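Q: The following block contains the structure, expressed as structure tokens.
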Amino acid sequence: MNEKEPDVRLRAKASDTVVAIEIKATRSEWTLKQLEEALVDQLCGRYLRAANGKHGILLLVHQDERKWKEADTGTFLSFQDVVARLTAIAAKISSERNDSPQPVVCVLDVSAC
């Protein structure tokens, strides 16, 4: 996760606003902690710092059914639980200050393909 640029960067011509999109495929061995770091440290901490680039998307590509282990409790979370957890973190970040990063968690579900 040492990338210096998001996977996709969209720019609106009319306003010069930039939206960064960081893509994480859930079939890979991403841990819950790594997904949280991708949202907080990578997307918000690195990519959403510019004045015209406060908006971003963590796009989770759901490929196969799997579970994520929560380090603190040892309980296993479903994909829906992980999305809910990351969405809550994103909402907290968005509401901290007027100039806070504005991340959103989105899902592309290709698990039925």
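Residues are named by chain letter and number: chains run A, B, ... in the order of the structure tokens, numbers start at 1 in each chain, and ligands are numbered from 1 in the order shown.
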Tell me which protein, DNA and RNA residues are within 12 Å of Ala38 of chain A, counting only C-alpha atoms, leaving out same-chain ones fewer than 3 positions away, and put them as a VMD selection string.

A: chain A and resid 1 to 3 6 to 7 21 to 25 30 to 35 41 to 47 56 to 60 86 89 to 90 103 105

Q: If you run DSSP on the backbone here, which positions in chain A get strand (DSSP E)? Please write them as number ranges by chain.

A: A: 8-11, 18-25, 55-62, 68-69, 76-77, 102-109

Q: Please determine, counting only C-alpha atoms, which residue among A:Cys106, A:Leu48, A:Val40, A:Leu77 has the shortest atom-to-atom distance to Ala20 of chain A.

A: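 The shortest atom-to-atom distance to Ala20 of chain A comes from A:Leu48.
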
Q: With distances taken over only C-alpha atoms, which residue among A:Ser15, A:Asn52, A:Asn98, A:Thr26 lies nearest Lys67 of chain A?

A: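 For Lys67 of chain A, the nearest of the given residues is A:Thr26.
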